[in-house]
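Colleague: Dropping in input-v8.txt, which is compact mmCIF, C-alpha atoms and all ligand atoms:
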```
# COMPACT_ATOMS: atom_id res chain seq x y z
CA MET A 70 -20.76 -3.55 -11.44
CA ASP A 71 -18.96 -5.41 -14.20
CA VAL A 72 -15.74 -3.79 -15.37
CA ILE A 73 -14.49 -4.46 -18.88
CA LEU A 74 -11.05 -3.02 -19.49
CA SER A 75 -10.58 -0.63 -22.41
CA ARG A 76 -7.80 -1.13 -24.95
CA THR A 77 -5.74 1.64 -23.34
CA GLN A 78 -6.15 0.08 -19.92
CA LYS A 79 -5.00 -3.28 -21.26
CA GLU A 80 -1.97 -1.58 -22.83
CA ILE A 81 -1.06 0.07 -19.51
CA GLN A 82 -1.41 -3.27 -17.75
CA LYS A 83 0.83 -4.91 -20.36
CA ALA A 84 3.42 -2.14 -20.15
CA ALA A 85 3.68 -2.56 -16.37
CA TRP A 86 3.95 -6.33 -16.76
CA GLU A 87 6.68 -6.04 -19.42
CA PHE A 88 8.57 -3.57 -17.25
CA ALA A 89 8.42 -5.93 -14.27
CA LYS A 90 9.47 -8.90 -16.39
CA GLY A 91 12.44 -6.99 -17.78
CA GLU A 92 13.63 -5.23 -14.63
CA PHE A 93 12.75 -7.39 -11.63
CA ASP A 94 15.69 -9.73 -11.24
CA ALA A 95 14.66 -12.73 -9.07
CA ALA A 96 18.16 -13.40 -7.68
CA ALA A 97 18.75 -9.72 -6.89
CA ILE A 98 15.38 -9.54 -5.13
CA ILE A 99 16.28 -12.49 -2.89
CA GLU A 100 19.50 -10.69 -1.95
CA MET A 101 17.75 -7.34 -1.37
CA ASP A 102 15.05 -9.09 0.67
CA HIS A 103 17.76 -10.64 2.81
CA ARG A 104 19.45 -7.29 3.37
CA GLU A 105 16.23 -5.20 3.57
CA TYR A 106 17.47 -2.96 0.82
CA PHE A 107 15.35 -0.29 -0.87
CA PRO A 108 15.61 -0.69 -4.69
CA ALA A 109 16.32 2.95 -5.59
CA PRO A 110 17.31 2.35 -9.27
CA ILE A 111 14.08 0.42 -10.01
CA TRP A 112 12.02 3.06 -8.21
CA LYS A 113 13.58 5.76 -10.39
CA LYS A 114 13.02 3.75 -13.58
CA SER A 115 9.38 3.16 -12.59
CA ALA A 116 8.94 6.90 -12.22
CA GLU A 117 10.61 7.59 -15.58
CA LEU A 118 8.12 5.25 -17.23
CA GLY A 119 5.21 6.92 -15.47
CA PHE A 120 4.30 4.13 -13.01
CA ILE A 121 4.53 6.44 -9.97
CA GLY A 122 1.92 9.12 -9.34
CA LEU A 123 -0.31 7.71 -12.07
CA HIS A 124 -3.39 9.08 -10.31
CA ALA A 125 -2.00 12.62 -9.82
CA ALA A 126 -2.77 15.38 -12.35
CA GLU A 127 -0.47 15.83 -15.34
CA ALA A 128 -0.03 19.49 -14.43
CA TYR A 129 1.95 18.32 -11.38
CA GLY A 130 4.00 15.63 -13.11
CA GLY A 131 1.46 12.84 -12.56
CA GLY A 132 -0.08 10.49 -15.11
CA GLY A 133 -3.52 12.10 -15.02
CA MET A 134 -5.06 8.64 -15.04
CA GLY A 135 -7.74 6.90 -13.05
CA LEU A 136 -7.57 4.74 -9.98
CA LEU A 137 -8.35 1.70 -12.12
CA GLU A 138 -5.18 2.27 -14.16
CA THR A 139 -3.25 2.62 -10.89
CA VAL A 140 -4.70 -0.69 -9.71
CA LEU A 141 -3.74 -2.39 -12.98
CA VAL A 142 -0.15 -1.20 -12.64
CA VAL A 143 0.37 -2.21 -9.00
CA GLU A 144 -1.39 -5.51 -9.65
CA ALA A 145 1.02 -6.29 -12.52
CA LEU A 146 4.09 -5.28 -10.48
CA CYS A 147 3.06 -7.31 -7.42
CA ARG A 148 2.12 -10.28 -9.59
CA ARG A 149 5.69 -10.41 -10.86
CA SER A 150 7.25 -9.74 -7.45
CA SER A 151 5.23 -9.06 -4.31
CA THR A 152 8.20 -7.48 -2.54
CA MET A 153 9.32 -5.19 -5.35
CA GLY A 154 5.73 -4.38 -6.31
CA ILE A 155 4.91 -3.15 -2.81
CA ALA A 156 8.08 -1.04 -2.61
CA ILE A 157 7.18 0.72 -5.88
CA GLY A 158 3.45 0.87 -5.11
CA LEU A 159 4.07 2.68 -1.82
CA ALA A 160 6.55 5.19 -3.22
CA ASP A 161 3.82 7.79 -3.81
CA VAL A 162 1.85 6.99 -0.66
CA LEU A 163 1.26 10.67 0.07
CA ALA A 164 0.33 11.91 -3.39
CA GLU A 165 -3.40 11.28 -2.98
CA CYS A 166 -3.66 13.51 0.10
CA LEU A 167 -1.68 16.25 -1.61
CA SER A 168 -3.79 16.04 -4.76
CA LEU A 169 -7.04 16.19 -2.82
CA PHE A 170 -6.24 18.79 -0.17
CA GLY A 171 -2.99 20.54 -1.09
CA SER A 172 -2.99 24.23 -1.91
CA GLU A 173 -1.85 25.18 -5.41
CA GLU A 174 1.54 26.11 -3.96
CA GLN A 175 1.88 22.80 -2.07
CA LYS A 176 0.93 20.75 -5.15
CA GLN A 177 3.40 22.59 -7.38
CA ARG A 178 6.12 22.31 -4.81
CA TYR A 179 5.84 18.66 -3.80
CA LEU A 180 3.89 16.57 -6.31
CA PRO A 181 6.36 16.73 -9.25
CA SER A 182 9.27 15.50 -7.13
CA ILE A 183 7.17 12.55 -5.91
CA CYS A 184 5.80 11.62 -9.34
CA GLU A 185 9.19 11.99 -11.04
CA GLY A 186 10.94 9.72 -8.53
CA ARG A 187 13.07 12.44 -6.92
CA GLN A 188 11.48 12.18 -3.50
CA LEU A 189 9.89 9.48 -1.40
CA CYS A 190 7.24 10.39 1.10
CA GLY A 191 5.76 8.98 4.27
CA ILE A 192 2.49 9.29 6.10
CA CYS A 193 2.01 9.11 9.86
CA LEU A 194 -1.46 8.29 11.08
CA ASN A 195 -1.22 6.66 14.44
CA ASP A 196 -4.07 8.88 15.61
CA LEU A 197 -6.42 7.78 12.83
CA ASN A 198 -8.73 5.91 15.15
CA PRO A 199 -9.55 8.31 18.03
CA ASP A 200 -10.43 5.51 20.42
CA ALA A 201 -7.42 3.36 19.61
CA SER A 202 -4.37 5.51 20.04
CA ASP A 203 -2.59 7.20 22.88
CA ASN A 204 -2.95 10.59 21.17
CA ALA A 205 0.74 11.25 21.62
CA THR A 206 1.11 13.42 18.54
CA VAL A 207 0.31 17.00 19.37
CA CYS A 208 0.59 20.41 17.81
CA ARG A 209 -0.21 24.03 18.71
CA THR A 210 -0.01 27.37 16.97
CA THR A 211 2.97 29.34 18.30
CA GLY A 212 2.56 32.66 20.16
CA ASP A 213 3.57 34.73 17.08
CA GLY A 214 0.72 33.06 15.17
CA LEU A 215 3.04 32.18 12.29
CA HIS A 216 4.11 28.63 13.05
CA ILE A 217 2.86 25.23 14.17
CA GLU A 218 4.86 23.49 16.86
CA ILE A 219 4.70 19.67 16.70
CA SER A 220 5.86 16.94 19.04
CA GLY A 221 5.28 13.24 18.70
CA ARG A 222 6.59 9.85 17.77
CA TRP A 223 5.56 7.41 15.07
CA PRO A 224 7.16 4.00 15.50
CA LEU A 225 6.47 2.36 12.10
CA VAL A 226 6.52 4.63 9.07
CA VAL A 227 6.83 3.35 5.52
CA ASN A 228 9.59 5.01 3.47
CA ALA A 229 11.18 6.60 6.54
CA PRO A 230 14.01 7.38 6.95
CA VAL A 231 14.78 7.77 3.23
CA ALA A 232 11.69 9.91 2.55
CA GLY A 233 12.14 13.67 2.37
CA LEU A 234 8.57 14.59 3.18
CA TYR A 235 5.97 13.44 5.71
CA ILE A 236 2.30 14.09 6.31
CA LEU A 237 1.42 13.97 9.99
CA LEU A 238 -1.96 13.76 11.62
CA CYS A 239 -1.69 15.90 14.75
CA ARG A 240 -4.03 16.80 17.58
CA ASP A 241 -4.23 20.49 18.47
CA VAL A 242 -3.73 20.66 22.25
CA ASP A 243 -5.49 24.03 22.46
CA ALA A 244 -8.65 22.80 20.70
CA PRO A 245 -11.51 21.06 22.55
CA ASP A 246 -11.00 17.29 22.46
CA SER A 247 -13.11 16.23 19.49
CA GLU A 248 -12.91 15.04 15.90
CA GLN A 249 -12.23 18.66 14.93
CA ALA A 250 -9.04 18.86 17.00
CA TYR A 251 -6.96 17.17 14.29
CA SER A 252 -5.10 18.63 11.33
CA LEU A 253 -2.74 17.34 8.68
CA VAL A 254 0.68 18.99 8.57
CA LEU A 255 3.59 18.63 6.13
CA VAL A 256 7.02 18.19 7.66
CA SER A 257 10.37 17.79 5.95
CA GLY A 258 12.84 15.16 7.13
CA GLN A 259 15.38 18.03 7.27
CA ASP A 260 13.39 20.22 9.68
CA GLN A 261 15.16 20.98 12.94
CA GLY A 262 14.02 18.66 15.72
CA VAL A 263 13.08 15.78 13.38
CA ALA A 264 14.84 12.52 14.23
CA LEU A 265 14.63 9.52 11.90
CA ARG A 266 15.75 6.03 12.82
CA PRO A 267 15.71 3.01 10.51
CA VAL A 268 13.61 0.07 11.69
CA LYS A 269 14.78 -3.33 10.46
CA GLY A 270 13.47 -6.83 10.99
CA LYS A 271 10.17 -6.94 9.10
CA LEU A 272 8.58 -10.30 8.30
CA GLY A 273 7.75 -9.18 4.77
CA MET A 274 7.84 -6.17 2.44
CA ARG A 275 11.55 -6.09 3.10
CA LEU A 276 12.40 -3.94 0.06
CA THR A 277 10.26 -1.14 1.48
CA SER A 278 12.24 1.02 3.80
CA MET A 279 10.75 1.67 7.22
CA GLY A 280 11.69 3.84 10.16
CA GLU A 281 10.69 5.63 13.30
CA LEU A 282 9.98 9.33 13.20
CA GLU A 283 10.26 11.51 16.27
CA LEU A 284 9.55 15.22 16.45
CA GLN A 285 10.55 17.36 19.40
CA ALA A 286 9.04 20.86 19.33
CA VAL A 287 9.50 21.12 15.58
CA HIS A 288 8.37 24.48 14.15
CA VAL A 289 6.90 24.61 10.65
CA PRO A 290 5.21 27.59 8.94
CA LEU A 291 1.41 27.74 9.11
CA ALA A 292 1.47 27.31 5.33
CA ASN A 293 2.53 23.68 5.93
CA ARG A 294 -0.95 22.79 7.11
CA LEU A 295 -2.51 20.48 4.52
CA GLY A 296 -6.19 21.16 3.96
CA GLN A 297 -8.35 22.87 6.53
CA LYS A 298 -7.57 23.29 10.20
CA GLY A 299 -9.49 20.75 12.27
CA GLN A 300 -10.41 18.65 9.23
CA GLY A 301 -7.46 16.25 9.38
CA ARG A 302 -9.50 13.17 10.15
CA MET A 303 -12.14 13.95 7.55
CA HIS A 304 -9.48 14.63 4.91
CA LEU A 305 -7.71 11.37 5.70
CA LYS A 306 -10.95 9.45 5.51
CA ALA A 307 -11.60 10.84 2.04
CA ALA A 308 -8.08 9.91 0.86
CA THR A 309 -8.29 6.51 2.53
CA TRP A 310 -11.01 5.18 0.22
CA ALA A 311 -8.62 5.49 -2.72
CA PHE A 312 -5.74 4.07 -0.70
CA TYR A 313 -7.81 1.01 0.27
CA VAL A 314 -8.47 0.34 -3.40
CA LYS A 315 -4.81 0.72 -4.34
CA SER A 316 -3.83 -1.66 -1.49
CA ALA A 317 -6.45 -4.08 -2.79
CA GLY A 318 -4.73 -3.85 -6.20
CA MET A 319 -1.39 -4.82 -4.63
CA ALA A 320 -3.03 -7.69 -2.73
CA LEU A 321 -4.74 -8.87 -5.91
CA GLY A 322 -1.37 -8.94 -7.70
CA ILE A 323 0.12 -10.98 -4.87
CA ALA A 324 -2.77 -13.46 -4.96
CA GLN A 325 -2.49 -13.77 -8.76
CA GLY A 326 1.29 -14.17 -8.59
CA ALA A 327 1.01 -16.97 -6.02
CA LEU A 328 -1.68 -18.63 -8.14
CA ASP A 329 0.46 -18.38 -11.33
CA ARG A 330 3.35 -20.12 -9.61
CA SER A 331 1.05 -22.80 -8.20
CA LEU A 332 -0.49 -23.56 -11.59
CA ASP A 333 2.93 -23.76 -13.14
CA TYR A 334 4.17 -26.12 -10.43
CA ALA A 335 1.06 -28.33 -10.55
CA ARG A 336 1.56 -28.80 -14.31
CA LYS A 337 5.20 -29.84 -13.92
CA ARG A 338 5.76 -31.61 -10.60
CA ILE A 339 5.52 -35.38 -10.83
CA GLN A 340 4.80 -37.55 -7.78
CA PHE A 341 3.61 -41.16 -7.76
CA ARG A 342 4.18 -41.16 -11.57
CA ARG A 343 1.55 -38.46 -12.10
CA LYS A 344 1.62 -34.70 -12.37
CA ILE A 345 0.32 -33.34 -9.08
CA GLY A 346 -2.15 -31.24 -11.12
CA GLN A 347 -3.88 -34.53 -12.00
CA PHE A 348 -4.83 -35.26 -8.39
CA GLN A 349 -8.35 -34.14 -7.65
CA VAL A 350 -7.31 -32.65 -4.32
CA THR A 351 -4.83 -30.36 -6.11
CA ARG A 352 -7.35 -29.44 -8.80
CA HIS A 353 -9.96 -28.49 -6.19
CA LYS A 354 -7.41 -26.48 -4.27
CA LEU A 355 -6.49 -24.57 -7.42
CA ALA A 356 -10.16 -24.01 -8.26
CA GLN A 357 -10.64 -22.52 -4.80
CA MET A 358 -7.61 -20.26 -5.28
CA VAL A 359 -8.92 -19.05 -8.67
CA MET A 360 -12.27 -18.25 -7.06
CA LEU A 361 -10.61 -16.13 -4.36
CA VAL A 362 -8.55 -14.25 -6.94
CA GLU A 363 -11.50 -13.54 -9.20
CA GLN A 364 -13.71 -12.37 -6.30
CA ALA A 365 -10.94 -9.98 -5.27
CA ARG A 366 -10.51 -8.77 -8.85
CA CYS A 367 -14.24 -8.08 -9.34
CA LEU A 368 -14.50 -6.07 -6.13
CA THR A 369 -11.24 -4.18 -6.62
CA TYR A 370 -11.88 -3.15 -10.22
CA ALA A 371 -15.49 -2.22 -9.38
CA ALA A 372 -14.41 -0.06 -6.42
CA ALA A 373 -11.78 1.67 -8.58
CA ALA A 374 -14.20 2.23 -11.46
CA ARG A 375 -16.76 3.75 -9.08
CA MET A 376 -14.16 6.21 -7.81
CA ASP A 377 -13.12 7.11 -11.36
CA ALA A 378 -16.77 7.69 -12.26
CA LYS A 379 -16.96 10.15 -9.32
CA ARG A 380 -19.45 7.84 -7.61
CA PRO A 381 -17.25 6.44 -4.84
CA ASP A 382 -18.73 3.67 -2.77
CA PRO A 383 -17.00 3.36 0.63
CA VAL A 384 -18.59 -0.07 1.18
CA LEU A 385 -17.01 -1.35 -2.03
CA SER A 386 -13.62 0.22 -1.21
CA ALA A 387 -13.45 -1.31 2.27
CA ALA A 388 -14.81 -4.65 1.03
CA ALA A 389 -12.27 -4.69 -1.82
CA LYS A 390 -9.36 -4.22 0.59
CA LEU A 391 -10.65 -6.85 3.00
CA CYS A 392 -11.45 -9.36 0.29
CA ALA A 393 -8.22 -8.89 -1.71
CA CYS A 394 -5.95 -8.95 1.36
CA ASN A 395 -7.62 -12.10 2.66
CA ALA A 396 -7.34 -13.66 -0.80
CA ALA A 397 -3.63 -12.80 -0.97
CA VAL A 398 -2.91 -14.42 2.40
CA LYS A 399 -5.02 -17.53 1.71
CA VAL A 400 -3.77 -18.09 -1.85
CA ALA A 401 -0.12 -17.57 -0.88
CA TYR A 402 -0.58 -19.93 2.10
CA GLU A 403 -2.03 -22.64 -0.14
CA ALA A 404 0.71 -21.99 -2.70
CA ILE A 405 3.37 -22.86 -0.11
CA GLN A 406 1.54 -26.07 0.79
CA LEU A 407 1.10 -26.99 -2.85
CA HIS A 408 4.82 -26.53 -3.51
CA GLY A 409 5.61 -28.93 -0.66
CA GLY A 410 9.17 -28.62 0.69
CA TYR A 411 10.20 -26.28 -2.09
CA GLY A 412 7.41 -23.91 -1.07
CA TYR A 413 9.30 -23.27 2.13
CA MET A 414 12.46 -22.27 0.26
CA THR A 415 13.34 -18.73 -0.80
CA GLU A 416 14.11 -19.68 -4.41
CA TYR A 417 10.51 -20.66 -5.14
CA GLU A 418 9.21 -17.20 -4.14
CA VAL A 419 5.83 -18.26 -2.75
CA GLU A 420 7.09 -18.00 0.83
CA ARG A 421 7.85 -14.34 0.11
CA PHE A 422 4.41 -13.78 -1.40
CA TYR A 423 2.96 -15.09 1.86
CA ARG A 424 5.15 -12.87 4.05
CA ASP A 425 4.32 -9.80 1.96
CA ALA A 426 0.59 -10.54 1.84
CA LYS A 427 0.37 -10.65 5.64
CA MET A 428 1.47 -7.02 5.93
CA LEU A 429 -1.49 -5.83 3.86
CA GLN A 430 -3.88 -7.26 6.45
CA ILE A 431 -2.25 -5.14 9.16
CA ALA A 432 -1.03 -1.80 7.81
CA GLY A 433 -2.98 0.82 5.86
CA GLY A 434 -6.29 -0.19 7.47
CA ASN A 435 -6.08 -3.43 9.40
CA THR A 436 -8.67 -6.16 9.08
CA GLY A 437 -10.41 -5.42 12.40
CA MET A 438 -10.67 -1.70 11.67
CA LEU A 439 -12.01 -2.34 8.18
CA LYS A 440 -14.68 -4.69 9.48
CA ASP A 441 -15.68 -2.01 12.02
CA GLU A 442 -15.90 0.53 9.20
CA LEU A 443 -17.94 -1.79 7.01
CA ALA A 444 -20.32 -2.53 9.89
CA ASN A 445 -20.69 1.20 10.63
CA LEU A 446 -21.48 1.82 6.96
CA VAL A 447 -24.09 -0.88 6.68
CA ILE A 448 -25.78 -0.94 10.12
CA GLY A 449 -24.60 2.37 11.60
CA LYS A 450 -23.38 2.94 15.16
CA LEU A 451 -26.10 1.51 17.40
CA SER A 452 -26.56 2.92 20.92
C1 LIG A 501 5.00 -2.98 7.83
C2 LIG A 501 4.23 -1.89 8.48
C3 LIG A 501 4.21 -0.62 7.93
C4 LIG A 501 3.51 0.42 8.55
N1 LIG A 501 3.53 1.67 8.00
C5 LIG A 501 2.89 2.68 8.62
C6 LIG A 501 2.95 4.01 8.08
O1 LIG A 501 3.55 4.26 7.03
N2 LIG A 501 2.33 5.01 8.74
C7 LIG A 501 1.65 4.77 9.90
O2 LIG A 501 1.12 5.72 10.45
N3 LIG A 501 1.57 3.53 10.43
C8 LIG A 501 2.18 2.49 9.83
N4 LIG A 501 2.14 1.22 10.36
C9 LIG A 501 1.38 1.01 11.61
C10 LIG A 501 0.08 0.32 11.31
O3 LIG A 501 -0.81 1.19 10.69
C11 LIG A 501 -0.47 -0.23 12.63
O4 LIG A 501 0.45 -1.21 13.09
C12 LIG A 501 -1.84 -0.84 12.43
O5 LIG A 501 -2.79 0.15 12.16
C13 LIG A 501 -2.30 -1.63 13.65
O6 LIG A 501 -2.23 -0.83 14.77
P1 LIG A 501 -1.44 -1.32 16.04
O7 LIG A 501 -0.10 -1.85 15.65
O8 LIG A 501 -1.49 -0.20 17.03
O9 LIG A 501 -2.26 -2.57 16.56
P2 LIG A 501 -3.43 -2.56 17.64
O10 LIG A 501 -4.46 -1.55 17.27
O11 LIG A 501 -2.81 -2.49 19.00
O12 LIG A 501 -4.05 -3.99 17.40
C14 LIG A 501 -3.53 -5.16 18.02
C15 LIG A 501 -4.57 -6.25 17.93
O13 LIG A 501 -5.75 -5.85 18.60
C16 LIG A 501 -6.85 -5.93 17.73
N5 LIG A 501 -7.75 -4.82 17.98
C17 LIG A 501 -7.42 -3.52 18.02
N6 LIG A 501 -8.52 -2.79 18.27
C18 LIG A 501 -9.54 -3.64 18.36
C19 LIG A 501 -10.94 -3.50 18.58
N7 LIG A 501 -11.48 -2.30 18.74
N8 LIG A 501 -11.69 -4.58 18.60
C20 LIG A 501 -11.17 -5.81 18.42
N9 LIG A 501 -9.85 -6.01 18.20
C21 LIG A 501 -9.07 -4.95 18.17
C22 LIG A 501 -6.25 -5.82 16.31
O14 LIG A 501 -7.06 -6.40 15.30
C23 LIG A 501 -4.97 -6.57 16.49
O15 LIG A 501 -5.23 -7.96 16.36
C24 LIG A 501 2.81 0.17 9.75
C25 LIG A 501 2.82 -1.12 10.30
C26 LIG A 501 3.52 -2.13 9.68
C27 LIG A 501 3.52 -3.51 10.29
```
Can the structure in the file be given as C-alpha cells, please?
Ligand SMILES: Cc1cc2nc3c(=O)[nH]c(=O)nc-3n(C[C@H](O)[C@H](O)[C@H](O)COP(=O)(O)OP(=O)(O)OC[C@H]3O[C@@H](n4cnc5c(N)ncnc54)[C@H](O)[C@@H]3O)c2cc1C
Modeller:
Amino acid sequence: MDVILSRTQKEIQKAAWEFAKGEFDAAAIIEMDHREYFPAPIWKKSAELGFIGLHAAEAYGGGGMGLLETVLVVEALCRRSSTMGIAIGLADVLAECLSLFGSEEQKQRYLPSICEGRQLCGICLNDLNPDASDNATVCRTTGDGLHIEISGRWPLVVNAPVAGLYILLCRDVDAPDSEQAYSLVLVSGQDQGVALRPVKGKLGMRLTSMGELELQAVHVPLANRLGQKGQGRMHLKAATWAFYVKSAGMALGIAQGALDRSLDYARKRIQFRRKIGQFQVTRHKLAQMVMLVEQARCLTYAAAARMDAKRPDPVLSAAAKLCACNAAVKVAYEAIQLHGGYGYMTEYEVERFYRDAKMLQIAGGNTGMLKDELANLVIGKLS
C-alpha cells in the first residue's frame, strides 16, 4: 500500500517540525538528559499547539485526526530530538484506550485534561502476556458490590510518578483462571493506598519520567472499570495495534534524525584530504541507512493508513514496529561509528539517538513478543 501524503498532512508534519526546531534547545536537552528531568513547559506548549491527543475526538479536546497524522507529528519531533520527542509522544499514552473503551462519562472526565496538557497518564500492563508474568496484580469486587479492590506492583511505569491517572490490567482473583479473568481499571495517583516512587537511571529516554507504582488494597468505584469486565486483554490488544504504529513513528523519527546528522557529517568532515562522504565505504553505509529508513517509513505509513481507513492490519502494525525499531537502533549505531570519536560525545547527539532507540525495542511490545505475535498471525499456534 503506497501512501502519498495530502497537503494537510504535509502541513501538519511541517508545523511539528517547525515547533521542534523553535522549541527544542540542544544544550538544555543535554542538561535535562543528564538530570533525567521531565520537560513540563515543552509538554504544555505541545498540547497548546494540538500535538498531544491528536488521535482523540475533538469533542473531548483531541485533534480528531488520524493515526497517520499522529505518526507524522511524533516522527518530526523525534527526528529533531529523540529524547524530547519520546517524552512528548508518550504524554498521551492512555488516550487510545480511553477513546476506544471509555464510557461517555470517563471520556468527558479524563480525555480533555490529557489532550490539553493538564494531566499525564500511565499504563500498567505487566500481565499482558499471560504466560510471561507472575500475575501479581489482582483485583476483586468488594462485599458491598460497589467497589473494586486492587493490589499489585508495577516496577517500570512511564510517566509515573508525575502522572495523575493510570490504567491497570488486573486479574480478578474470584474468576476462573483464563483470558476472561482480566479487566482494565482506572486508578488515580491520589487514591488511598497508591504509592509512587521515582525510578532513575535509565540508559535512554531520560526526559520521560518513570516510576514504580504499588497498590495495597486500593478501593475504587465499580464505575472505574474501563470497558467490559473480563475483556481487559482483548481491549488492550485492540488498542495495542495503534500504539505499535505510533511507536513505529517515533522509531522512524529517530532513524531519520540519526541519518540526517550522518549525512551532514559525511559532507563536512575531512580526513586524508577528502570529505569522508567521498569514500565508497561511507557512501555504501549511508545508502544502507537510507534503505532501512525508507523501509520503516513505508511500513509505518501503510499500517497507519490502514487503521485510518478502518481496515486495520495487525500484521502490518506489528511488522511496522519491529522494522522501524530495528531501523532506529541500526541507523543510530552506524551514525555513531560514522561520526568517529565525536559520535561517542554527548554534543553530537547521535549517542543519545542510539540510547533512546534501544528502549523502543524493549518497552511497549518487545522484539521477542512482537515476533511471536507476527508468527501467530501468519502461521497460527501449532499444536
Ligand atoms: C524504559 C521502560 C519503560 C517502560 N514502561 C512501561 C510502562 O509504562 N508500563 C508497563 O506496564 N511496563 C513498562 N515497561 C516494562 C516493559 O514493558 C517490559 O520491561 C518489557 O515488556 C519486557 O518485559 P520484561 O522486562 O519482564 O522482560 P522479560 O520478559 O523477562 O524478557 C527478558 C528476556 O527474555 C526474553 N524472552 C522473554 N520471553 C521469551 C520467550 N517466550 N521466548 C524467548 N525469549 C523470551 C526477552 O526477549 C528478553 O530478552 C517499561 C520498560 C522500560 C525499560
Colleague: Would you give me, as a tab-separated table, each residue of chain A having an atom within 7 Å of an atom of ligand LIG 501 (chain A), along with its shortest atom pair and that distance in Å to one decimal, using all atoms listed in the file and sorting by chain and residue number?
Modeller:
```
residue	atom	partner	partner_atom	distance
A:Gly191	CA	A:LIG501	O1	5.9
A:Ile192	CA	A:LIG501	N2	5.0
A:Cys193	CA	A:LIG501	O2	3.6
A:Leu194	CA	A:LIG501	O2	3.7
A:Asn195	CA	A:LIG501	O2	4.7
A:Ala201	CA	A:LIG501	O10	6.2
A:Trp223	CA	A:LIG501	O2	6.6
A:Leu225	CA	A:LIG501	N4	4.8
A:Val226	CA	A:LIG501	O1	3.6
A:Val227	CA	A:LIG501	O1	3.7
A:Lys271	CA	A:LIG501	C1	6.6
A:Met274	CA	A:LIG501	C1	6.9
A:Met279	CA	A:LIG501	C3	7.0
A:Met428	CA	A:LIG501	C1	5.7
A:Ile431	CA	A:LIG501	C12	5.4
A:Ala432	CA	A:LIG501	O3	4.2
A:Gly433	CA	A:LIG501	O3	5.3
A:Gly434	CA	A:LIG501	O5	5.9
A:Asn435	CA	A:LIG501	O5	5.6
A:Thr436	CA	A:LIG501	O14	6.4
A:Gly437	CA	A:LIG501	O14	4.5
A:Met438	CA	A:LIG501	O14	6.9
```
Colleague: Mind working out the centre and edge lengths of an axis-aligned box for range 325-328 of chain A, all listed atoms inside, 3 Å added to each side, rounded to one decimal in Å and written as lines of an AutoDock Vina configuration file?
Modeller:
```
center_x = -0.6
center_y = -16.2
center_z = -7.4
size_x = 9.8
size_y = 10.9
size_z = 8.7
```
Colleague: So which one's closest to Gln349 in chain A, A:Ala335, A:Ala308, A:Ala128, A:Cys239? Using only C-alpha atoms, please.
Modeller: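 Of A:Ala335, A:Ala308, A:Ala128, A:Cys239, the one nearest Gln349 in chain A, counting only C-alpha atoms, is A:Ala335.
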Colleague: CA of Thr277 in chain A and CA of Tyr411 in chain A, how far apart in Å?
Modeller: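 Separation between CA of Tyr411 in chain A and CA of Thr277 in chain A: 25.4 Å.
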Colleague: Determine the nearest neighbour of Ala324 in chain A from the options A:Leu407, A:Val162, A:Leu74, A:Val362, counting only C-alpha atoms.
Modeller: A:Val362
Colleague: Quote the spacing between CA of Gly326 in chain A and CA of Arg338 in chain A in Å to one decimal place.
Modeller: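 Rounded to one decimal, the two atoms are 18.1 Å apart.
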Colleague: Measuring between only C-alpha atoms, which one of A:Gly233, A:Gly221, A:Gly270, A:Gly299 shows the shortest distance to Leu253 in chain A?
Modeller: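 Among the listed residues, the smallest separation from Leu253 in chain A belongs to A:Gly299.
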Colleague: Cys367 in chain A: which residues within 8 Å, counting all atoms listed in the file, same-chain residues fewer than 3 positions away excluded, as an NGL selection string?
Modeller: :A and (71-72 or 363-364 or 370-371)
Colleague: With C-alpha atoms retained, could you export that selection as a PDB file, keeping the file's coordinate frame?
Modeller:
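What ended up in result.pdb:
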```
ATOM      1  CA  ASP A  71     -18.960  -5.410 -14.200  1.00  0.00           C
ATOM      2  CA  VAL A  72     -15.740  -3.790 -15.370  1.00  0.00           C
ATOM      3  CA  GLU A 363     -11.500 -13.540  -9.200  1.00  0.00           C
ATOM      4  CA  GLN A 364     -13.710 -12.370  -6.300  1.00  0.00           C
ATOM      5  CA  TYR A 370     -11.880  -3.150 -10.220  1.00  0.00           C
ATOM      6  CA  ALA A 371     -15.490  -2.220  -9.380  1.00  0.00           C
TER       7      ALA A 371
END
```
Colleague: Write out as a VMD selection string each polymer residue whose atoms come within 6 Å of range 75-87 of chain A, counting all atoms listed in the file; drop sequence neighbours fewer than 5 positions from it.
Modeller: chain A and resid 141 to 142 145
Colleague: Between CA of Ile73 in chain A and CA of Ala374 in chain A, what distance in Å does the model show, to one decimal?
Modeller: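 A separation of 10.0 Å between them.
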Colleague: Residues at most 9 Å from Ala164 in chain A, counting only C-alpha atoms, excluding those fewer than 5 positions away in the same chain, as a list of chain:residue names?
Modeller: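 After dropping sequence-adjacent residues, the list is A:Gly122, A:His124, A:Ala125, A:Leu169, A:Tyr179, A:Leu180, A:Ile183, A:Cys184, A:Cys190.
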Colleague: Write out as a ChimeraX atom specification the residues lying within 10 Å of Ser172 in chain A, counting all atoms listed in the file and excluding same-chain residues fewer than 5 positions away.
Modeller: /A:167,177-178,292-296
Colleague: Identify which of the residues A:Val256, A:Ile345, A:Ala444, A:Val419 lies closest to Ala327 in chain A, counting all atoms listed in the file when measuring atom-to-atom distances.
Modeller: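 Once distances to Ala327 in chain A are computed over all atoms listed in the file, the minimum belongs to A:Val419.
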Colleague: Find the residues around Gly346 in chain A up to 12 Å (only C-alpha atoms counted), leave out those fewer than 4 positions away in its own chain, and share them as a PyMOL selection string.
Modeller: chain A and resi 331-342+350-356+407-408
Colleague: I need the residue nearest Gly280 in chain A from this list: A:Ala232, A:Leu391, A:Met414, A:Val242. Use only C-alpha atoms for the distance.
Modeller: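 The shortest atom-to-atom distance to Gly280 in chain A comes from A:Ala232.
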Colleague: Just checking: using only C-alpha atoms, which residue out of A:Ala388, A:Leu137, A:Ala229, A:Ala286 ends up closest to Gly318 in chain A?
Modeller: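 Among the listed residues, the smallest separation from Gly318 in chain A belongs to A:Leu137.
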Colleague: (-0.3, -19.6, -1.6) in this file's frame - what residues fall within 8 Å of it? Use all atoms listed in the file and give the answer as a ChimeraX atom specification.
Modeller: /A:324,327-328,331,397-407,419-420,422-423
Colleague: List the residues sitting within 10 Å of (2.2, 6.1, -7.3) in the file's frame, using all atoms listed in the file, as a ChimeraX atom specification.
Modeller: /A:115-116,119-125,131-132,139-140,142-143,157-165,183-186,315
